[in-house]
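What follows is the content of query_16.txt, which has compact mmCIF, C-alpha atoms:
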```txt
# COMPACT_ATOMS: atom_id res chain seq x y z
CA MET Y 97 29.66 -22.02 -9.29
CA ALA Y 98 32.40 -22.71 -11.82
CA ASP Y 99 30.42 -21.16 -14.64
CA PHE Y 100 30.06 -17.95 -12.69
CA GLU Y 101 33.71 -17.46 -11.64
CA PRO Y 102 34.74 -15.51 -14.80
CA LEU Y 103 32.15 -12.86 -14.01
CA VAL Y 104 33.62 -12.46 -10.54
CA ARG Y 105 37.30 -12.38 -11.47
CA ARG Y 106 37.34 -10.53 -14.79
CA ARG Y 107 36.29 -6.93 -15.23
CA ASP Y 108 36.12 -7.00 -19.01
CA VAL Y 109 33.25 -9.45 -19.32
CA ASP Y 110 30.88 -8.51 -22.12
CA VAL Y 111 27.36 -8.89 -20.83
CA GLU Y 112 26.15 -8.76 -24.42
CA ASP Y 113 27.57 -12.29 -24.83
CA GLN Y 114 25.65 -13.59 -21.82
CA GLN Y 115 22.07 -14.78 -21.53
CA PRO Y 116 21.19 -14.52 -17.86
CA VAL Y 117 18.41 -16.73 -16.60
CA VAL Y 118 17.62 -14.49 -13.69
CA GLU Y 119 14.02 -14.81 -12.58
CA HIS Y 120 13.01 -11.36 -13.66
CA HIS Y 121 10.05 -11.31 -11.30
CA LEU Y 122 8.25 -13.64 -8.89
CA ILE Y 123 6.61 -15.43 -11.81
CA GLU Y 124 9.50 -17.82 -12.34
CA SER Y 125 10.58 -20.07 -9.49
CA LYS Y 126 13.18 -22.03 -11.45
CA LYS Y 127 15.78 -21.35 -14.15
CA ILE Y 128 14.26 -20.01 -17.33
CA ALA Y 129 15.96 -20.03 -20.70
CA SER Y 130 14.64 -17.19 -22.84
CA PRO Y 131 12.90 -18.45 -25.97
CA ILE Y 132 14.20 -15.42 -27.82
CA ILE Y 133 17.97 -15.86 -27.35
CA LYS Y 134 19.69 -19.22 -27.54
CA SER Y 135 23.22 -18.35 -26.39
CA LYS Y 136 24.97 -19.74 -23.31
CA THR Y 137 23.46 -18.63 -20.02
CA VAL Y 138 25.25 -17.05 -17.06
CA ARG Y 139 23.38 -16.09 -13.92
CA VAL Y 140 23.78 -12.67 -12.30
CA ALA Y 141 23.96 -13.80 -8.69
CA SER Y 142 23.45 -10.41 -7.04
CA LEU Y 143 19.93 -10.23 -8.49
CA ASP Y 144 19.01 -13.57 -6.94
CA VAL Y 145 20.50 -12.41 -3.64
CA PHE Y 146 18.54 -9.16 -3.80
CA ARG Y 147 15.32 -11.01 -4.57
CA GLY Y 148 16.00 -13.48 -1.77
CA LEU Y 149 16.72 -10.63 0.63
CA SER Y 150 13.37 -9.10 -0.32
CA VAL Y 151 11.56 -12.37 0.38
CA PHE Y 152 13.34 -12.66 3.74
CA LEU Y 153 12.39 -9.10 4.68
CA MET Y 154 8.79 -9.80 3.68
CA MET Y 155 8.63 -12.78 6.03
CA LEU Y 156 10.38 -10.82 8.77
CA VAL Y 157 8.02 -7.85 8.70
CA ASP Y 158 4.89 -9.99 8.18
CA TYR Y 159 5.46 -12.13 11.24
CA GLY Y 160 7.69 -9.83 13.28
CA GLY Y 161 5.87 -6.58 12.61
CA THR Y 162 3.10 -7.50 15.03
CA VAL Y 163 5.58 -8.04 17.83
CA PHE Y 164 7.88 -5.16 16.86
CA PRO Y 165 5.75 -2.43 15.22
CA ILE Y 166 8.84 -0.36 14.38
CA ILE Y 167 9.68 -2.78 11.53
CA GLY Y 168 6.07 -3.11 10.35
CA HIS Y 169 4.37 -0.84 7.85
CA SER Y 170 4.07 2.80 8.78
CA PRO Y 171 0.40 3.55 9.66
CA TRP Y 172 0.28 6.29 7.03
CA ASN Y 173 3.02 8.87 6.34
CA GLY Y 174 6.65 7.91 6.84
CA VAL Y 175 8.57 4.73 6.05
CA HIS Y 176 9.52 1.72 8.14
CA LEU Y 177 11.50 -1.35 7.12
CA ALA Y 178 8.40 -3.07 5.73
CA ASP Y 179 7.75 -0.16 3.37
CA PHE Y 180 10.91 -0.97 1.38
CA VAL Y 181 9.95 -4.56 0.53
CA MET Y 182 7.59 -3.88 -2.37
CA PRO Y 183 9.91 -1.32 -4.04
CA PHE Y 184 12.75 -3.86 -3.74
CA PHE Y 185 10.73 -6.47 -5.65
CA LEU Y 186 9.76 -3.98 -8.35
CA PHE Y 187 13.33 -2.74 -8.69
CA VAL Y 188 14.74 -6.25 -9.12
CA ALA Y 189 12.04 -7.03 -11.68
CA GLY Y 190 13.09 -3.99 -13.69
CA VAL Y 191 16.81 -4.82 -13.59
CA SER Y 192 16.15 -8.38 -14.69
CA LEU Y 193 13.84 -7.32 -17.51
CA ALA Y 194 16.63 -5.23 -19.02
CA ILE Y 195 18.79 -8.34 -19.16
CA VAL Y 196 16.21 -10.80 -20.40
CA TYR Y 197 14.89 -8.53 -23.16
CA LYS Y 198 18.12 -6.88 -24.27
CA LYS Y 199 17.61 -8.47 -27.69
CA VAL Y 200 14.08 -8.96 -29.00
CA PRO Y 201 13.93 -10.22 -32.61
CA ASP Y 202 10.15 -10.60 -32.58
CA ARG Y 203 8.40 -7.92 -30.54
CA SER Y 204 4.92 -9.33 -31.06
CA GLU Y 205 5.91 -12.78 -29.81
CA ALA Y 206 7.72 -11.30 -26.82
CA THR Y 207 4.68 -9.16 -26.00
CA SER Y 208 2.32 -12.11 -26.04
CA LYS Y 209 4.59 -14.05 -23.66
CA VAL Y 210 4.80 -11.06 -21.33
CA VAL Y 211 1.02 -10.70 -21.22
CA VAL Y 212 0.52 -14.40 -20.48
CA ARG Y 213 3.08 -14.34 -17.66
CA ALA Y 214 1.55 -11.23 -16.14
CA LEU Y 215 -1.93 -12.76 -16.23
CA LYS Y 216 -0.68 -15.94 -14.57
CA LEU Y 217 0.90 -13.99 -11.73
CA PHE Y 218 -2.18 -11.79 -11.38
CA PHE Y 219 -4.55 -14.76 -11.00
CA ILE Y 220 -2.19 -16.50 -8.57
CA GLY Y 221 -2.34 -13.34 -6.50
CA ILE Y 222 -6.15 -13.33 -6.53
CA LEU Y 223 -6.21 -16.95 -5.35
CA LEU Y 224 -3.67 -16.40 -2.57
CA GLN Y 225 -4.73 -12.95 -1.35
CA GLY Y 226 -8.34 -12.71 -2.45
CA GLY Y 227 -9.61 -14.28 0.77
CA TYR Y 228 -9.86 -17.91 -0.31
CA LEU Y 229 -7.37 -19.10 2.34
CA HIS Y 230 -8.55 -17.79 5.70
CA GLY Y 231 -5.34 -18.31 7.64
CA ILE Y 232 -4.91 -18.63 11.37
CA THR Y 233 -8.22 -17.01 12.28
CA SER Y 234 -10.27 -19.80 10.72
CA MET Y 235 -9.28 -23.28 9.62
CA THR Y 236 -11.55 -23.10 6.56
CA TYR Y 237 -11.30 -22.01 2.96
CA GLY Y 238 -13.53 -20.43 0.35
CA VAL Y 239 -14.51 -16.86 -0.41
CA ASP Y 240 -17.68 -14.93 -1.10
CA ILE Y 241 -17.34 -13.58 -4.64
CA GLU Y 242 -18.99 -10.35 -3.52
CA LYS Y 243 -16.11 -9.77 -1.10
CA ILE Y 244 -13.09 -11.13 -2.96
CA ARG Y 245 -10.07 -8.83 -3.05
CA TRP Y 246 -9.00 -8.16 -6.61
CA LEU Y 247 -5.67 -6.43 -5.97
CA GLY Y 248 -2.71 -7.40 -3.81
CA ILE Y 249 1.04 -7.90 -3.74
CA LEU Y 250 1.39 -10.32 -6.64
CA GLN Y 251 -1.16 -8.40 -8.67
CA ARG Y 252 0.85 -5.21 -8.24
CA ILE Y 253 4.05 -6.97 -9.30
CA ALA Y 254 2.22 -8.36 -12.34
CA ILE Y 255 1.02 -4.89 -13.37
CA ALA Y 256 4.45 -3.31 -12.90
CA TYR Y 257 6.13 -6.18 -14.73
CA LEU Y 258 3.75 -5.83 -17.66
CA VAL Y 259 4.32 -2.07 -17.96
CA GLY Y 260 8.09 -2.40 -17.57
CA ALA Y 261 8.37 -5.23 -20.09
CA LEU Y 262 6.29 -3.42 -22.69
CA CYS Y 263 8.50 -0.34 -22.29
CA GLU Y 264 11.61 -2.45 -22.76
CA ILE Y 265 10.22 -4.23 -25.81
CA TRP Y 266 8.64 -1.29 -27.65
CA LEU Y 267 10.23 1.96 -26.42
CA GLN Y 268 13.87 1.47 -27.32
CA CYS Y 269 15.50 3.79 -29.83
CA ARG Y 270 17.45 1.05 -31.56
CA ARG Y 271 19.04 3.43 -34.06
CA CYS Y 272 21.07 5.11 -31.32
CA ARG Y 273 24.72 4.17 -31.08
CA ARG Y 274 25.78 1.79 -28.34
CA GLU Y 275 28.20 4.23 -26.69
CA CYS Y 276 25.30 6.66 -26.27
CA PHE Y 277 23.06 4.04 -24.71
CA ALA Y 278 21.50 6.59 -22.32
CA LYS Y 279 19.74 8.16 -25.32
CA ASN Y 280 18.51 4.74 -26.31
CA TYR Y 281 16.04 4.78 -23.43
CA ILE Y 282 14.83 8.37 -23.52
CA TRP Y 283 11.29 7.13 -24.15
CA HIS Y 284 11.45 5.16 -20.92
CA TRP Y 285 11.96 8.40 -19.03
CA CYS Y 286 9.13 9.97 -20.98
CA ALA Y 287 6.94 7.08 -19.82
CA VAL Y 288 7.99 7.68 -16.19
CA LEU Y 289 7.23 11.38 -16.47
CA LEU Y 290 3.87 10.68 -18.10
CA ILE Y 291 2.94 8.17 -15.40
CA CYS Y 292 3.91 10.59 -12.63
CA ALA Y 293 2.02 13.43 -14.32
CA VAL Y 294 -1.17 11.36 -14.62
CA TYR Y 295 -0.76 10.17 -11.04
CA LEU Y 296 -0.29 13.68 -9.66
CA GLY Y 297 -3.16 15.03 -11.72
CA LEU Y 298 -5.55 12.41 -10.35
CA LEU Y 299 -4.21 12.52 -6.79
CA TYR Y 300 -4.41 16.30 -6.43
CA GLY Y 301 -7.00 17.19 -9.05
CA LEU Y 302 -9.97 14.91 -8.38
CA TYR Y 303 -12.74 16.17 -6.15
CA VAL Y 304 -13.62 13.74 -3.34
CA PRO Y 305 -17.23 14.12 -2.14
CA ASP Y 306 -18.70 12.89 1.12
CA TRP Y 307 -19.21 9.16 1.10
CA LYS Y 308 -20.91 6.42 3.09
CA PHE Y 309 -20.29 2.77 3.75
CA SER Y 310 -21.74 0.00 5.86
CA LEU Y 311 -20.20 -2.94 7.67
CA ALA Y 312 -21.65 -6.42 7.60
CA THR Y 313 -20.36 -7.04 11.12
CA ASP Y 314 -22.56 -4.47 12.83
CA GLY Y 315 -24.98 -3.33 10.11
CA ASN Y 316 -24.28 0.33 10.83
CA ILE Y 317 -23.93 2.97 8.11
CA TYR Y 318 -20.92 5.26 8.47
CA GLU Y 319 -20.55 8.63 6.79
CA VAL Y 320 -17.22 10.25 5.97
CA LYS Y 321 -17.19 14.02 5.47
CA CYS Y 322 -14.81 15.09 2.69
CA SER Y 323 -15.87 17.56 -0.01
CA VAL Y 324 -12.20 18.36 -0.68
CA ARG Y 325 -9.65 18.20 -3.47
CA GLY Y 326 -6.03 17.13 -3.12
CA ASP Y 327 -6.31 15.69 0.40
CA LEU Y 328 -3.67 13.04 1.22
CA GLY Y 329 -5.17 11.77 4.46
CA PRO Y 330 -6.60 8.27 4.95
CA ALA Y 331 -10.23 9.38 4.66
CA CYS Y 332 -10.48 11.72 1.69
CA ASN Y 333 -7.72 10.88 -0.79
CA SER Y 334 -8.67 10.34 -4.42
CA ALA Y 335 -6.86 6.96 -4.56
CA GLY Y 336 -9.40 5.44 -2.20
CA MET Y 337 -12.27 7.08 -4.08
CA ILE Y 338 -11.11 5.57 -7.40
CA ASP Y 339 -10.92 2.10 -5.84
CA ARG Y 340 -14.36 2.44 -4.26
CA TYR Y 341 -15.91 3.45 -7.59
CA ILE Y 342 -14.13 0.95 -9.84
CA LEU Y 343 -13.45 -2.07 -7.62
CA GLY Y 344 -16.21 -1.62 -5.08
CA ILE Y 345 -15.70 -1.03 -1.38
CA ASN Y 346 -16.37 -4.68 -0.53
CA HIS Y 347 -13.41 -5.75 -2.68
CA LEU Y 348 -10.82 -3.63 -0.87
CA TYR Y 349 -8.42 -4.66 1.87
CA GLN Y 350 -10.44 -4.92 5.07
CA LYS Y 351 -7.61 -4.32 7.55
CA PRO Y 352 -5.70 -1.26 6.30
CA VAL Y 353 -2.62 -0.30 8.26
CA TYR Y 354 -3.97 3.16 9.06
CA LYS Y 355 -6.11 1.49 11.72
CA ASN Y 356 -2.92 1.60 13.81
CA LEU Y 357 -3.05 5.39 13.87
CA LYS Y 358 -3.56 6.93 17.29
CA GLU Y 359 -7.02 8.27 16.51
CA CYS Y 360 -8.18 4.89 15.20
CA LYS Y 361 -6.91 2.97 18.21
CA MET Y 362 -9.66 4.67 20.17
CA THR Y 363 -12.02 2.13 18.62
CA TYR Y 364 -10.86 -0.47 21.12
CA ALA Y 365 -11.87 1.70 24.09
CA ASP Y 366 -14.90 3.49 22.68
CA PRO Y 367 -15.80 2.80 19.05
CA ARG Y 368 -18.19 5.76 18.94
CA SER Y 369 -15.36 8.22 19.65
CA ALA Y 370 -13.22 7.18 16.67
CA PRO Y 371 -13.52 8.79 13.21
CA SER Y 372 -15.86 6.90 10.92
CA TRP Y 373 -13.16 6.32 8.29
CA CYS Y 374 -11.21 4.17 10.76
CA PHE Y 375 -13.73 1.39 10.05
CA ALA Y 376 -13.53 1.71 6.25
CA PRO Y 377 -11.54 -0.68 4.05
CA PHE Y 378 -8.69 0.69 1.95
CA ASP Y 379 -6.41 -1.10 -0.52
CA PRO Y 380 -2.70 -0.23 -0.26
CA GLU Y 381 -2.21 -1.92 -3.66
CA GLY Y 382 -4.94 0.12 -5.31
CA ILE Y 383 -5.36 1.31 -8.88
CA LEU Y 384 -3.87 4.80 -8.64
CA SER Y 385 -0.84 3.78 -6.61
CA SER Y 386 -0.13 1.01 -9.12
CA LEU Y 387 0.86 3.74 -11.59
CA THR Y 388 3.86 4.92 -9.58
CA ALA Y 389 4.61 1.31 -8.62
CA ALA Y 390 5.03 0.58 -12.33
CA ALA Y 391 7.37 3.58 -12.55
CA SER Y 392 9.56 1.84 -9.93
CA CYS Y 393 9.99 -1.08 -12.32
CA ILE Y 394 10.90 1.25 -15.20
CA ILE Y 395 13.53 2.94 -13.01
CA GLY Y 396 14.95 -0.49 -12.23
CA LEU Y 397 15.21 -1.04 -15.98
CA GLN Y 398 17.76 1.75 -16.20
CA TYR Y 399 20.02 0.03 -13.69
CA GLY Y 400 19.75 -3.11 -15.81
CA HIS Y 401 20.76 -1.14 -18.90
CA VAL Y 402 23.93 -0.06 -17.14
CA LEU Y 403 24.61 -3.70 -16.24
CA VAL Y 404 24.11 -4.79 -19.84
CA GLN Y 405 25.97 -1.98 -21.62
CA LEU Y 406 28.92 -1.30 -19.31
CA GLN Y 407 31.54 -3.97 -18.65
CA ASP Y 408 33.74 -2.44 -15.98
CA HIS Y 409 32.76 -2.75 -12.31
CA LYS Y 410 33.80 0.81 -11.53
CA ASP Y 411 31.77 2.23 -14.40
CA ARG Y 412 28.70 0.32 -13.32
CA LEU Y 413 29.02 1.29 -9.68
CA TYR Y 414 29.72 4.93 -10.53
CA ASN Y 415 26.58 5.22 -12.66
CA TRP Y 416 24.42 3.31 -10.18
CA SER Y 417 25.64 5.36 -7.21
CA LEU Y 418 25.20 8.69 -9.00
CA PHE Y 419 21.73 7.69 -10.08
CA SER Y 420 20.74 6.39 -6.64
CA PHE Y 421 21.85 9.42 -4.65
CA SER Y 422 20.21 11.73 -7.18
CA LEU Y 423 16.91 9.92 -6.73
CA LEU Y 424 17.27 10.07 -2.95
CA ALA Y 425 18.02 13.79 -2.98
CA LEU Y 426 15.07 14.57 -5.25
CA GLY Y 427 12.74 12.40 -3.19
CA PHE Y 428 13.70 14.02 0.10
CA PHE Y 429 13.41 17.44 -1.52
CA LEU Y 430 9.82 16.70 -2.57
CA SER Y 431 9.15 15.42 0.93
CA CYS Y 432 10.42 18.66 2.44
CA MET Y 433 8.24 20.59 -0.02
CA GLY Y 434 5.11 18.95 1.36
CA MET Y 435 4.71 15.66 -0.53
CA PRO Y 436 4.83 13.00 2.21
CA LEU Y 437 6.60 9.68 1.98
CA ASN Y 438 3.54 7.48 1.84
CA LYS Y 439 3.50 3.82 0.90
CA PRO Y 440 -0.30 3.25 0.73
CA LEU Y 441 -0.56 6.12 -1.78
CA TYR Y 442 2.85 5.34 -3.35
CA THR Y 443 3.58 9.06 -3.64
CA VAL Y 444 6.23 10.33 -6.06
CA SER Y 445 8.53 11.23 -3.16
CA TYR Y 446 8.17 7.67 -1.84
CA LEU Y 447 8.83 6.34 -5.35
CA LEU Y 448 12.09 8.28 -5.62
CA VAL Y 449 13.37 7.58 -2.11
CA THR Y 450 12.69 3.85 -2.25
CA SER Y 451 14.11 3.56 -5.78
CA GLY Y 452 17.28 5.30 -4.65
CA SER Y 453 17.48 3.05 -1.61
CA SER Y 454 17.00 0.01 -3.84
CA GLY Y 455 19.85 1.19 -6.05
CA ILE Y 456 22.20 1.64 -3.09
CA THR Y 457 21.29 -1.80 -1.75
CA PHE Y 458 21.93 -3.31 -5.18
CA CYS Y 459 25.34 -1.63 -5.33
CA ILE Y 460 26.31 -3.15 -1.99
CA LEU Y 461 25.15 -6.62 -3.00
CA TYR Y 462 26.86 -6.33 -6.37
CA ILE Y 463 30.17 -5.50 -4.68
CA LEU Y 464 29.86 -8.37 -2.20
CA VAL Y 465 28.58 -11.03 -4.60
CA ASP Y 466 29.70 -10.22 -8.14
CA VAL Y 467 32.92 -8.31 -7.46
CA TYR Y 468 34.36 -10.06 -4.40
CA GLY Y 469 32.53 -13.35 -4.86
CA TRP Y 470 31.16 -13.72 -1.31
CA ARG Y 471 28.50 -16.14 -2.46
CA SER Y 472 29.01 -18.44 0.51
CA VAL Y 473 27.96 -15.59 2.81
CA THR Y 474 24.84 -14.77 0.80
CA GLY Y 475 24.09 -18.32 -0.31
CA VAL Y 476 20.85 -18.58 1.65
CA PHE Y 477 19.49 -15.40 0.10
CA GLU Y 478 20.56 -16.57 -3.35
CA TRP Y 479 18.67 -19.83 -2.89
CA MET Y 480 15.60 -17.94 -1.67
CA GLY Y 481 15.82 -15.68 -4.71
CA LYS Y 482 15.82 -18.65 -7.07
CA HIS Y 483 12.68 -20.03 -5.42
CA ALA Y 484 10.99 -16.74 -4.62
CA LEU Y 485 7.50 -17.57 -5.84
CA SER Y 486 7.43 -20.95 -4.11
CA ILE Y 487 8.49 -19.39 -0.81
CA PHE Y 488 5.93 -16.63 -1.20
CA ILE Y 489 3.15 -19.15 -1.77
CA LEU Y 490 4.15 -21.40 1.12
CA VAL Y 491 5.12 -18.85 3.74
CA THR Y 492 4.03 -15.28 3.13
CA SER Y 493 0.58 -16.37 1.92
CA ASN Y 494 0.07 -18.51 5.04
CA ILE Y 495 -0.19 -21.88 3.28
CA ALA Y 496 2.63 -23.32 5.41
CA ILE Y 497 1.00 -21.79 8.50
CA ILE Y 498 -2.33 -23.40 7.60
CA VAL Y 499 -0.66 -26.79 7.12
CA ILE Y 500 1.04 -26.60 10.53
CA GLN Y 501 -2.17 -25.35 12.10
CA GLY Y 502 -3.99 -28.44 10.87
CA PHE Y 503 -2.15 -30.64 13.39
CA TYR Y 504 -3.69 -30.28 16.84
CA TRP Y 505 -4.15 -32.15 20.11
CA ARG Y 506 -7.77 -33.19 20.86
CA ASP Y 507 -9.18 -29.73 20.07
CA PRO Y 508 -8.49 -27.62 16.92
CA GLN Y 509 -7.44 -24.72 19.14
CA ASN Y 510 -4.63 -26.81 20.61
CA ASN Y 511 -2.19 -26.31 17.76
CA LEU Y 512 1.29 -24.83 17.52
CA ILE Y 513 0.25 -21.69 15.62
CA HIS Y 514 -2.48 -20.82 18.10
CA LEU Y 515 0.00 -21.31 20.94
CA ILE Y 516 2.54 -18.94 19.39
CA VAL Y 517 -0.06 -16.29 18.56
CA SER Y 518 -1.68 -16.38 22.02
CA ARG Y 519 1.59 -16.46 23.96
CA VAL Y 520 3.77 -14.14 21.87
CA VAL Y 521 1.73 -11.93 19.52
CA HIS Y 522 -1.26 -11.23 21.76
CA LYS Y 523 0.62 -11.35 25.03
```

Let me see the file written as structure tokens.
Amino acid sequence: MADFEPLVRRRDVDVEDQQPVVEHHLIESKKIASPIIKSKTVRVASLDVFRGLSVFLMMLVDYGGTVFPIIGHSPWNGVHLADFVMPFFLFVAGVSLAIVYKKVPDRSEATSKVVVRALKLFFIGILLQGGYLHGITSMTYGVDIEKIRWLGILQRIAIAYLVGALCEIWLQCRRCRRECFAKNYIWHWCAVLLICAVYLGLLYGLYVPDWKFSLATDGNIYEVKCSVRGDLGPACNSAGMIDRYILGINHLYQKPVYKNLKECKMTYADPRSAPSWCFAPFDPEGILSSLTAAASCIIGLQYGHVLVQLQDHKDRLYNWSLFSFSLLALGFFLSCMGMPLNKPLYTVSYLLVTSGSSGITFCILYILVDVYGWRSVTGVFEWMGKHALSIFILVTSNIAIIVIQGFYWRDPQNNLIHLIVSRVVHK
């Protein structure tokens, strides 16, 4: 705490003289000293608090969303509380990357370390979310390789982190003067525009033909009629088609949230009356939507540049607020023009609105934690932010649930988890 007090009390602190050890993504679950810069480290507490808040919200919506659907993921278009969690993680990763890689003497060495970290996080995600741990529905483990899920939450963070870090390492115009630091990152914005252009071209330009799939549970073959271009519905969007072709339909998420749509809920009463696509798997962390997810991380980078280059609290908050409200306005404008706010597709309007919301949230936390020093109030979130990956592994990936579930009375069904699920969730 004592080492952090100068950052709270003084407004003229030069961030250039600091080496934060913020965990710039979920990869690191303890303090990390950058191998590139050897100067004294000072932690930016608001980033830990923001990351911890994101972990808390993830646990809240994962376990509370079943009981209170209003906080769970939106079935398709629109945003609920749960739909802000992923953009929050990506935003914090971007901010932290700007701090960690503000000075890179050896770009090749830094790139190799980034690639290794991203691969580690990606493979951890496959292990945790690929189907190896079965959770509360079955006290077993192991996965059929033909059905393993290749993409997921940690995999998306790994991809976005890799793209954001490479932009920070290689796309800086280092000849620009410090007082014109906005021009220093013009290539970052070019990368965002290129990503969005490719995304929009594939989302609206690809032709989606009719397609079929079968389910191992009933052996039936279902046919989905499409033959359209530019459709943003659950059945005929090009994002799902890309995942089916590249990843394979058996490797997609088997319980997509669009099954909560009104037309799909008919499956419980009369399965034959529901649209065939209601039974199809769909991955909300798919290939195409990972493009705009990576853009979220690059946008977070720009907030980190403000933190690094500007020393005055008012200057930082002014730039962050202006930036955030501009993103919100543009995002809502695109939404009104017909581009829905859609988390499974990670539409550009959703990208802008959630990035702006992340910026506003960061401003509030920065004021509370780094300006006024209310760390005692946010101490729990700060601790969670410092141990984000460990908490994710133990809680949000059901390992802690599985451990508790393993203790039962006489019969495996007589355990605490089964009691809670049967009495509260399925009541």

Near-range 352-360 of chain Y list (10 Å; all atoms listed in the file; drop same-chain fewer than 6 positions) as a ChimeraX atom specification: /Y:165,168-173,329-331,367,369-380,440

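Minimum atom-to-atom distances from Y:Leu311, Y:Ile317, Y:Arg412, Y:Gly382 to Met337 in chain Y were compared using only C-alpha atoms, and the lowest value belongs to Y:Gly382.
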
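Note that CA of Ile460 in chain Y and CA of Leu153 in chain Y are 16.5 Å apart.
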
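Of note, CA of Tyr446 in chain Y and CA of Asp179 in chain Y are spaced 9.4 Å apart.
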
Lys410 in chain Y surroundings by all atoms listed in the file, 12 Å radius, close-in-sequence under 4 positions cut, as a PyMOL selection string: chain Y and resi 107-108+402-403+406+414-418+459+462-463+467

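For the atom pair formed by CA of Asn346 in chain Y and CA of Val239 in chain Y, the distance is 12.3 Å, given to one decimal.
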
Test item: residues at most 7 Å from Gly227 in chain Y, all atoms listed in the file, excluding those fewer than 3 positions along its chain, as a ChimeraX atom specification: /Y:230,239,244-245

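Proximity ranking of Y:Ser142, Y:Asn438, Y:Gln509, Y:Asn494 relative to His176 in chain Y places Y:Asn438 first, based on only C-alpha atoms.
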
Produce a table with one row for each residue of range 177-272 of chain Y that has an atom at most 12 Å from any atom of range 286-300 of chain Y, each row naming the nearest atom pair and its distance in Å at one decimal; use only C-alpha atoms; arrange rows by chain and rising residue number; format as CSV.
```
residue,atom,partner,partner_atom,distance
Y:Ala256,CA,Y:Ile291,CA,11.8
Y:Val259,CA,Y:Ala287,CA,9.7
Y:Gly260,CA,Y:Ala287,CA,9.8
Y:Leu262,CA,Y:Ala287,CA,10.9
Y:Cys263,CA,Y:Ala287,CA,8.0
Y:Glu264,CA,Y:Ala287,CA,11.0
Y:Trp266,CA,Y:Ala287,CA,11.6
Y:Leu267,CA,Y:Ala287,CA,9.0
Y:Gln268,CA,Y:Cys286,CA,11.6
```

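Between Val404 in chain Y and the candidates Y:Trp505, Y:Tyr197, Y:Phe180, Y:Trp283, the tightest atom-to-atom separation, counting only C-alpha atoms, involves Y:Tyr197.
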
Nearest to Phe428 in chain Y by atom-to-atom distance, counting only C-alpha atoms, from Y:Leu143, Y:Met480, Y:Val449, Y:Leu441: Y:Val449

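Distances from Y:Leu224, Y:Leu149, Y:Ile249, Y:Leu447 to Thr474 in chain Y were compared using only C-alpha atoms, and the smallest one belongs to Y:Leu149.
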
Could you give me range 206-215 of chain Y completed to N, CA, C and O atoms, formatted as an mmCIF file, in the coordinates of the input?
```cif
data_model
loop_
_atom_site.group_PDB
_atom_site.id
_atom_site.type_symbol
_atom_site.label_atom_id
_atom_site.label_comp_id
_atom_site.auth_asym_id
_atom_site.auth_seq_id
_atom_site.Cartn_x
_atom_site.Cartn_y
_atom_site.Cartn_z
ATOM 1 N N ALA Y 206 7.290 -11.628 -28.181
ATOM 2 C CA ALA Y 206 7.720 -11.300 -26.820
ATOM 3 C C ALA Y 206 6.582 -10.662 -26.031
ATOM 4 O O ALA Y 206 6.398 -10.945 -24.843
ATOM 5 N N THR Y 207 5.805 -9.806 -26.672
ATOM 6 C CA THR Y 207 4.680 -9.160 -26.000
ATOM 7 C C THR Y 207 3.642 -10.163 -25.552
ATOM 8 O O THR Y 207 3.121 -10.082 -24.430
ATOM 9 N N SER Y 208 3.326 -11.105 -26.406
ATOM 10 C CA SER Y 208 2.320 -12.110 -26.040
ATOM 11 C C SER Y 208 2.779 -12.944 -24.850
ATOM 12 O O SER Y 208 1.976 -13.269 -23.959
ATOM 13 N N LYS Y 209 4.060 -13.283 -24.794
ATOM 14 C CA LYS Y 209 4.590 -14.050 -23.660
ATOM 15 C C LYS Y 209 4.544 -13.231 -22.383
ATOM 16 O O LYS Y 209 4.255 -13.751 -21.297
ATOM 17 N N VAL Y 210 4.845 -11.943 -22.491
ATOM 18 C CA VAL Y 210 4.800 -11.060 -21.330
ATOM 19 C C VAL Y 210 3.382 -10.973 -20.772
ATOM 20 O O VAL Y 210 3.163 -11.057 -19.559
ATOM 21 N N VAL Y 211 2.415 -10.816 -21.654
ATOM 22 C CA VAL Y 211 1.020 -10.700 -21.220
ATOM 23 C C VAL Y 211 0.567 -11.974 -20.531
ATOM 24 O O VAL Y 211 -0.088 -11.934 -19.473
ATOM 25 N N VAL Y 212 0.917 -13.123 -21.082
ATOM 26 C CA VAL Y 212 0.520 -14.400 -20.480
ATOM 27 C C VAL Y 212 1.139 -14.557 -19.098
ATOM 28 O O VAL Y 212 0.460 -14.962 -18.138
ATOM 29 N N ARG Y 213 2.424 -14.221 -18.954
ATOM 30 C CA ARG Y 213 3.080 -14.340 -17.660
ATOM 31 C C ARG Y 213 2.462 -13.398 -16.637
ATOM 32 O O ARG Y 213 2.256 -13.769 -15.474
ATOM 33 N N ALA Y 214 2.160 -12.184 -17.057
ATOM 34 C CA ALA Y 214 1.550 -11.230 -16.140
ATOM 35 C C ALA Y 214 0.178 -11.703 -15.679
ATOM 36 O O ALA Y 214 -0.177 -11.580 -14.496
ATOM 37 N N LEU Y 215 -0.605 -12.257 -16.589
ATOM 38 C CA LEU Y 215 -1.930 -12.760 -16.230
ATOM 39 C C LEU Y 215 -1.833 -13.934 -15.265
ATOM 40 O O LEU Y 215 -2.624 -14.041 -14.310
#
```
